[in-house]
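Student: One structure coming up, written as structure tokens, with questions to follow.
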Amino acid sequence: MKILVPVKLAIDSNAKPRLKADRSGIDLANVKLSINPFCEIAVEEAVRLREAGKATEVVVVSVGVGKATDAIRSALAIGADRGILIEAEGRVEPLTIAKLLAKVVEEEKPDLVLTGKQAIDDDSNQTGQMLAALLDWPQATFASQVELDGAELVVTREVDGGHQTLRLSLPALVTTDLRLNEPRYPSLPNIMKAKKKPVETKSAETYGVDLTPRLSVVEVREPAARKAGIKVADAQELVSKLKAVGVL
Amino acid sequence: MKTLLIADHDNQTVADATTKALTAARALGGEVDILVAGQGAQSAAEASAKLQGVAKVLLADAEAYAHRLAEPLAALVLSIAPGYDAIVAPASSAGKNLLPRIAARLDVMQVSDVTKVAGPDTFEHPIYAGNAIEVVKNPERVKVFTVRTAAFAATPADGASTPVEAVAVPVAESRATFVREEMAKSERPELGSAKVIVSGGRALGSAEKFNEVLLPLADMLGAAVGASRAAVDAGYAPNDFQVGQTGKIVAPELYIALGISGAIQHLAGMKDSKVIVAVNKDEEAPIFQVADFGLVADLFQAVPQIEAALG
Ligand SMILES: Cc1cc2nc3c(=O)[nH]c(=O)nc-3n(C[C@H](O)[C@H](O)[C@H](O)COP(=O)(O)OP(=O)(O)OC[C@H]3O[C@@H](n4cnc5c(N)ncnc54)[C@H](O)[C@@H]3O)c2cc1C
Ligand SMILES: Cc1cc2nc3c(=O)[nH]c(=O)nc-3n(C[C@H](O)[C@H](O)[C@H](O)COP(=O)(O)OP(=O)(O)OC[C@H]3O[C@@H](n4cnc5c(N)ncnc54)[C@H](O)[C@@H]3O)c2cc1C
């Protein structure tokens with residue numbers, strides 16, 4: 001089984017996003033960027049399947065500018081075998097990314113595509129489902145457990161109210177939730193090795209996909225600010241304050 | 001302008017999330033039809049027909065829709081999509097699973113988690129864990145979006161008697177099949193619709209303590225129970241209790257955070273609550289920056305005292 005994992009470089013989950021003064025977006029200059037945590041989980045899962053002898057190769061792909069290679073290198077350090085960078089400038093929407101990824105699937109012919117459920121910057125939660133639709137593949141989103149059973153996958157999903165388990169025939173697409181696994185910290189030797197693994201660079205234009213965004217951003221602004229309130233001395237005061245504001 | 005709203009329901013009743021998403025759908029200004037797809041879902045369709053301002057309820061009743069799998073549902077929606085200018089669903093796990101599949105097939109971009117419909121083609125939604133609000137113009141021929149239900153009031157049922165129409169069920173083969181479901185049964189209100197939420201963090205220390213400390217207080221207040229990711233990861237609470245960027249987004253009248261530090265990913269899920277209370281033994285905990293009322297205390301002592309004060 002061959003696995004393709006699309007990975008995205010996103011703001012580090014410990015960094016605080018700051019708005020650009022002209023309200024056109026988030027200022028990403030001088031902000032730490034890392035592989036999106038959900039993509040990291042997807043890579044870890046793919047590598048575990050290979051280590052268990054259930055997958056033969058793990059290929060990672062990222063759409064972005066040259067810097068997106070950092071996400072690919074992180075994935076290679078976890079244990080992915082090789083990378084593909086699809087160079088695209090500026091804002092690339094999930095639909096466009098899904099179309100580019102569909103072309104990569106045509107070329108690479110993976111049996112399984114593992115994506116993150118969402119990227120923690122745009123929070124779209126769309127790319128995986130869109131890709132599954134374009135390929136006409138079955139999907140299992142928000143996975144917390146993935147098992148290979150012959151030519152089928154048994155996937156447990158986190159849904160409102162609890163868990164749902166599905167059986168998918170391959171090829172299939174799975175998006176990862178937080179509790180699927182805990183990604184390893186790559187060791188120094190593996191980080192060094194990752195630098196030597198092959199990364200192929202392609203230009204998005206060669207795929208014949210129109211990259212023009214469909215949506216236009218009118219502005220990006222601060223959410224309504226919330227002011228810190230007061231400290232109360234004890235439980236008694238807390239309850240009387242809550243009664244005073246009418247929520248009890 | 002004609003809008004199709006895809007309902008969340010349990011075959012019997014229509015989910016609160018649907019009544020809130022309906023408010024967003026109506027804000028587009030056109031006619032709204034509701035699609036109820038399920039198995040044995042006549043009651044849910046009738047409940048939808050009582051909601052204010054609905055033109056038509058479409059009922060698709062078939063075994064294929066029993067477990068809300070994305071593949072057959074997408075085929076169904078695509079079969080009726082040509083009549084609509086907008087397709088809307090709540091940003092629930094079902095809506096998030098389904099809608100991008102439809103958008104991709106229609107070759108249109110989706111807007112996720114809409115918090116405000118500013119016009120028929122202008123939408124606001126949060127990005128970066130709610131640290132920024134993006135206003136987008138959507139010129140697509142069909143507007144496809146999910147609704148962050150915490151941002152909208154529910155459309156009431158005013159006893160309307162909107163017609164319920166059966167829709168033809170397209171044949172769709174699916175390479176995904178349902179195996180099983182484990183759903184938590186609870187008498188407590190749902191996180192998404194509760195007026196009061198009591199939420200616990202890592203500080204609770206064990207599943208036993210979590211239940212022992214939170215449940216009696218939640219029962220006294222008629223509250224839903226929530227948790228931080230740390231509490232869920234450690235197994236103190238089930239996964240669907242998680243409040244935050246990657247869990248549930250809530251905005252109750254009152255949110256009580258017990259032993260939760262206030263990481264940005266947690267705040268993303270609850271900072272639009274009307275009144276926030278935090279109990280934390282660390283007076284520097286970031287949760288106090290958003291709390292209306294902060295109590296610096298050991299929660300194991302404070303909770304019984306709060307219960308006593310509630311009398
Ligand atoms: C150089 C650059 C500049 C950008 N500038 C802007 C900007 O100015 N304004 C703006 O709003 N956005 C900008 N973006 C973000 C871009 O619009 C998003 O990558 C895209 O919209 C996808 O949305 P998402 O990440 O929320 O997708 P989601 O659907 O939340 O992502 C889910 C999963 O899809 C896969 N995936 C998503 N994106 C990629 C990718 N690029 N490559 C491979 N796999 C992927 C991953 O597995 C991910 O976990 C920029 C991105 C790049 C790389
Ligand atoms: C990609 C990603 C997504 C995430 N999504 C979410 C999400 O959706 N929701 C979420 O919640 N988190 C999420 N997180 C995790 C988040 O960053 C924090 O790690 C998490 O919220 C911390 O949980 P906590 O506040 O319970 O634990 P901690 O940060 O450990 O805080 C425990 C608090 O309890 C206090 N305390 C300890 N003992 C007592 C006592 N006896 N009495 C009173 N107070 C006490 C401490 O002072 C401390 O402030 C996400 C992280 C990442 C990277």
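Letters A, B, ... go to the chains of the structure tokens in the order shown; residues in each chain start at 1; ligands are counted from 1 in the same order.
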Ala235 in chain A: which residues within 9 Å, counting only C-alpha atoms, same-chain residues fewer than 5 positions away excluded, as a VMD selection string?

Tutor: (chain A and resid 240) or (chain B and resid 295 302 to 309)

Student: Kindly determine which residues of chain B lie within 6 Å of chain A, considering only C-alpha atoms, and give the answer as a PyMOL selection string.

Tutor: chain B and resi 93+100-101+104+112+127-128+132-138+175-184+240+289-295+305-306+309

Student: Generate a file of the selected residues that holds N, CA, C and O atoms, formatted as a short mmCIF file (atom, residue, chain, number, x, y, z; two decimals), in the first residue's frame.

Tutor:
```cif
data_model
loop_
_atom_site.label_atom_id
_atom_site.label_comp_id
_atom_site.auth_asym_id
_atom_site.auth_seq_id
_atom_site.Cartn_x
_atom_site.Cartn_y
_atom_site.Cartn_z
N SER B 93 -20.30 18.09 13.11
CA SER B 93 -19.43 17.08 12.48
C SER B 93 -20.06 16.58 11.19
O SER B 93 -19.36 16.32 10.22
N PRO B 100 -18.06 20.14 2.01
CA PRO B 100 -16.97 20.33 1.04
C PRO B 100 -17.08 19.36 -0.14
O PRO B 100 -16.65 19.67 -1.25
N ARG B 101 -17.66 18.19 0.09
CA ARG B 101 -17.84 17.21 -1.00
C ARG B 101 -18.79 17.77 -2.04
O ARG B 101 -18.60 17.60 -3.25
N ALA B 104 -17.07 20.87 -3.91
CA ALA B 104 -16.07 20.45 -4.91
C ALA B 104 -16.77 19.97 -6.17
O ALA B 104 -16.35 20.29 -7.29
N SER B 112 -16.29 28.41 5.40
CA SER B 112 -16.53 27.60 6.59
C SER B 112 -16.84 28.47 7.80
O SER B 112 -16.26 29.54 7.96
N ILE B 127 -10.90 33.06 11.57
CA ILE B 127 -9.74 32.26 11.16
C ILE B 127 -8.71 32.33 12.30
O ILE B 127 -8.90 33.09 13.26
N TYR B 128 -7.66 31.56 12.21
CA TYR B 128 -6.63 31.55 13.24
C TYR B 128 -7.23 31.43 14.63
O TYR B 128 -7.02 32.28 15.50
N ALA B 132 -8.78 36.26 14.48
CA ALA B 132 -9.08 37.25 13.44
C ALA B 132 -10.41 36.88 12.80
O ALA B 132 -10.80 35.72 12.76
N ILE B 133 -11.10 37.91 12.33
CA ILE B 133 -12.35 37.71 11.60
C ILE B 133 -12.08 38.10 10.16
O ILE B 133 -11.61 39.20 9.88
N GLU B 134 -12.36 37.17 9.25
CA GLU B 134 -12.14 37.44 7.83
C GLU B 134 -13.49 37.74 7.19
O GLU B 134 -14.44 36.99 7.38
N VAL B 135 -13.54 38.86 6.46
CA VAL B 135 -14.75 39.19 5.72
C VAL B 135 -14.49 38.85 4.26
O VAL B 135 -13.52 39.34 3.68
N VAL B 136 -15.29 37.95 3.68
CA VAL B 136 -15.04 37.54 2.29
C VAL B 136 -16.23 37.85 1.41
O VAL B 136 -17.38 37.81 1.83
N LYS B 137 -15.90 38.19 0.16
CA LYS B 137 -16.92 38.35 -0.86
C LYS B 137 -16.93 37.06 -1.68
O LYS B 137 -15.89 36.58 -2.10
N ASN B 138 -18.12 36.50 -1.85
CA ASN B 138 -18.23 35.21 -2.51
C ASN B 138 -19.06 35.37 -3.79
O ASN B 138 -20.28 35.37 -3.75
N ARG B 175 -18.60 3.20 -1.46
CA ARG B 175 -17.53 2.29 -1.05
C ARG B 175 -17.15 2.52 0.41
O ARG B 175 -16.11 2.11 0.86
N ALA B 176 -18.05 3.23 1.13
CA ALA B 176 -17.90 3.34 2.57
C ALA B 176 -19.13 2.70 3.19
O ALA B 176 -20.24 2.96 2.74
N THR B 177 -18.93 1.84 4.16
CA THR B 177 -20.10 1.24 4.81
C THR B 177 -20.02 1.45 6.32
O THR B 177 -18.93 1.53 6.89
N PHE B 178 -21.20 1.52 6.91
CA PHE B 178 -21.32 1.75 8.34
C PHE B 178 -21.03 0.46 9.10
O PHE B 178 -21.51 -0.61 8.73
N VAL B 179 -20.23 0.56 10.15
CA VAL B 179 -19.96 -0.61 10.98
C VAL B 179 -20.69 -0.49 12.32
O VAL B 179 -21.49 -1.33 12.68
N ARG B 180 -20.40 0.56 13.07
CA ARG B 180 -21.10 0.74 14.36
C ARG B 180 -20.96 2.19 14.85
O ARG B 180 -20.20 2.98 14.29
N GLU B 181 -21.69 2.47 15.89
CA GLU B 181 -21.69 3.80 16.48
C GLU B 181 -21.73 3.64 17.99
O GLU B 181 -22.44 2.79 18.49
N GLU B 182 -20.95 4.43 18.71
CA GLU B 182 -21.07 4.46 20.17
C GLU B 182 -21.40 5.89 20.54
O GLU B 182 -20.56 6.77 20.43
N MET B 183 -22.64 6.10 20.94
CA MET B 183 -23.06 7.45 21.28
C MET B 183 -23.28 7.56 22.79
O MET B 183 -23.89 6.68 23.40
N ALA B 184 -22.76 8.65 23.35
CA ALA B 184 -22.94 8.88 24.78
C ALA B 184 -24.39 9.25 25.04
O ALA B 184 -24.95 10.10 24.35
N ASP B 240 -16.35 14.13 22.75
CA ASP B 240 -17.24 15.17 22.26
C ASP B 240 -17.57 16.20 23.34
O ASP B 240 -18.38 17.09 23.13
N GLN B 289 -7.74 36.49 31.91
CA GLN B 289 -7.79 37.65 31.00
C GLN B 289 -9.11 37.75 30.25
O GLN B 289 -9.43 38.78 29.67
N VAL B 290 -9.87 36.67 30.23
CA VAL B 290 -11.17 36.73 29.56
C VAL B 290 -12.34 36.53 30.53
O VAL B 290 -13.49 36.62 30.13
N ALA B 291 -12.01 36.23 31.79
CA ALA B 291 -13.07 35.91 32.75
C ALA B 291 -13.71 37.18 33.31
O ALA B 291 -13.02 38.13 33.66
N ASP B 292 -15.04 37.19 33.38
CA ASP B 292 -15.72 38.31 34.03
C ASP B 292 -15.54 38.23 35.53
O ASP B 292 -15.38 39.23 36.20
N PHE B 293 -15.59 37.00 36.04
CA PHE B 293 -15.41 36.79 37.47
C PHE B 293 -14.39 35.69 37.68
O PHE B 293 -14.57 34.56 37.23
N GLY B 294 -13.29 36.05 38.33
CA GLY B 294 -12.23 35.09 38.57
C GLY B 294 -12.14 34.77 40.05
O GLY B 294 -12.24 35.66 40.89
N LEU B 295 -11.94 33.50 40.34
CA LEU B 295 -11.75 33.10 41.73
C LEU B 295 -10.43 32.34 41.81
O LEU B 295 -10.29 31.28 41.19
N GLN B 305 -17.96 24.88 48.00
CA GLN B 305 -18.39 26.17 48.55
C GLN B 305 -19.38 26.86 47.62
O GLN B 305 -20.33 27.50 48.07
N ILE B 306 -19.14 26.75 46.31
CA ILE B 306 -20.08 27.34 45.35
C ILE B 306 -21.44 26.64 45.48
O ILE B 306 -22.49 27.28 45.52
N ALA B 309 -23.17 27.88 48.49
CA ALA B 309 -23.68 29.25 48.30
C ALA B 309 -24.92 29.25 47.40
O ALA B 309 -25.80 30.10 47.54
#
```

Student: Can you tell me which residues surround range 80-91 of chain A at a distance of at most 9 Å, considering only C-alpha atoms, apart from same-chain residues fewer than 5 positions away, and format the answer as a VMD selection string?

Tutor: chain A and resid 5 43 to 44 46 to 47 57 to 66 68 to 69 72 to 73 75 100 194 197 to 205 211 to 213

Student: Using only C-alpha atoms, which of B:Asp10, B:Asp85, B:Asp113, B:Glu71 sits nearest Asn97 in chain B?

Tutor: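 The answer is B:Glu71, which sits nearest to Asn97 in chain B.
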
Student: Excluding Leu173 in chain A and its own-chain neighbours fewer than 5 positions away, which residues fall within 6 Å of it when counting only C-alpha atoms? Please give them as a PyMOL selection string.

Tutor: chain A and resi 112-114+139

Student: Output N, CA and C atoms for every residue in the selection just made, as a compact mmCIF listing (two decimals), in the first residue's frame.

Tutor:
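After the write, out-v5.txt holds the following:
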```txt
# COMPACT_ATOMS: atom_id res chain seq x y z
N LEU A 112 -3.97 5.18 -0.43
CA LEU A 112 -4.57 5.91 0.69
C LEU A 112 -4.01 7.32 0.70
N VAL A 113 -4.90 8.31 0.86
CA VAL A 113 -4.47 9.68 1.10
C VAL A 113 -4.89 10.04 2.52
N LEU A 114 -3.90 10.51 3.30
CA LEU A 114 -4.17 10.90 4.69
C LEU A 114 -3.94 12.40 4.80
N GLN A 139 -14.61 8.47 1.92
CA GLN A 139 -13.87 9.27 2.89
C GLN A 139 -14.26 8.89 4.32
```
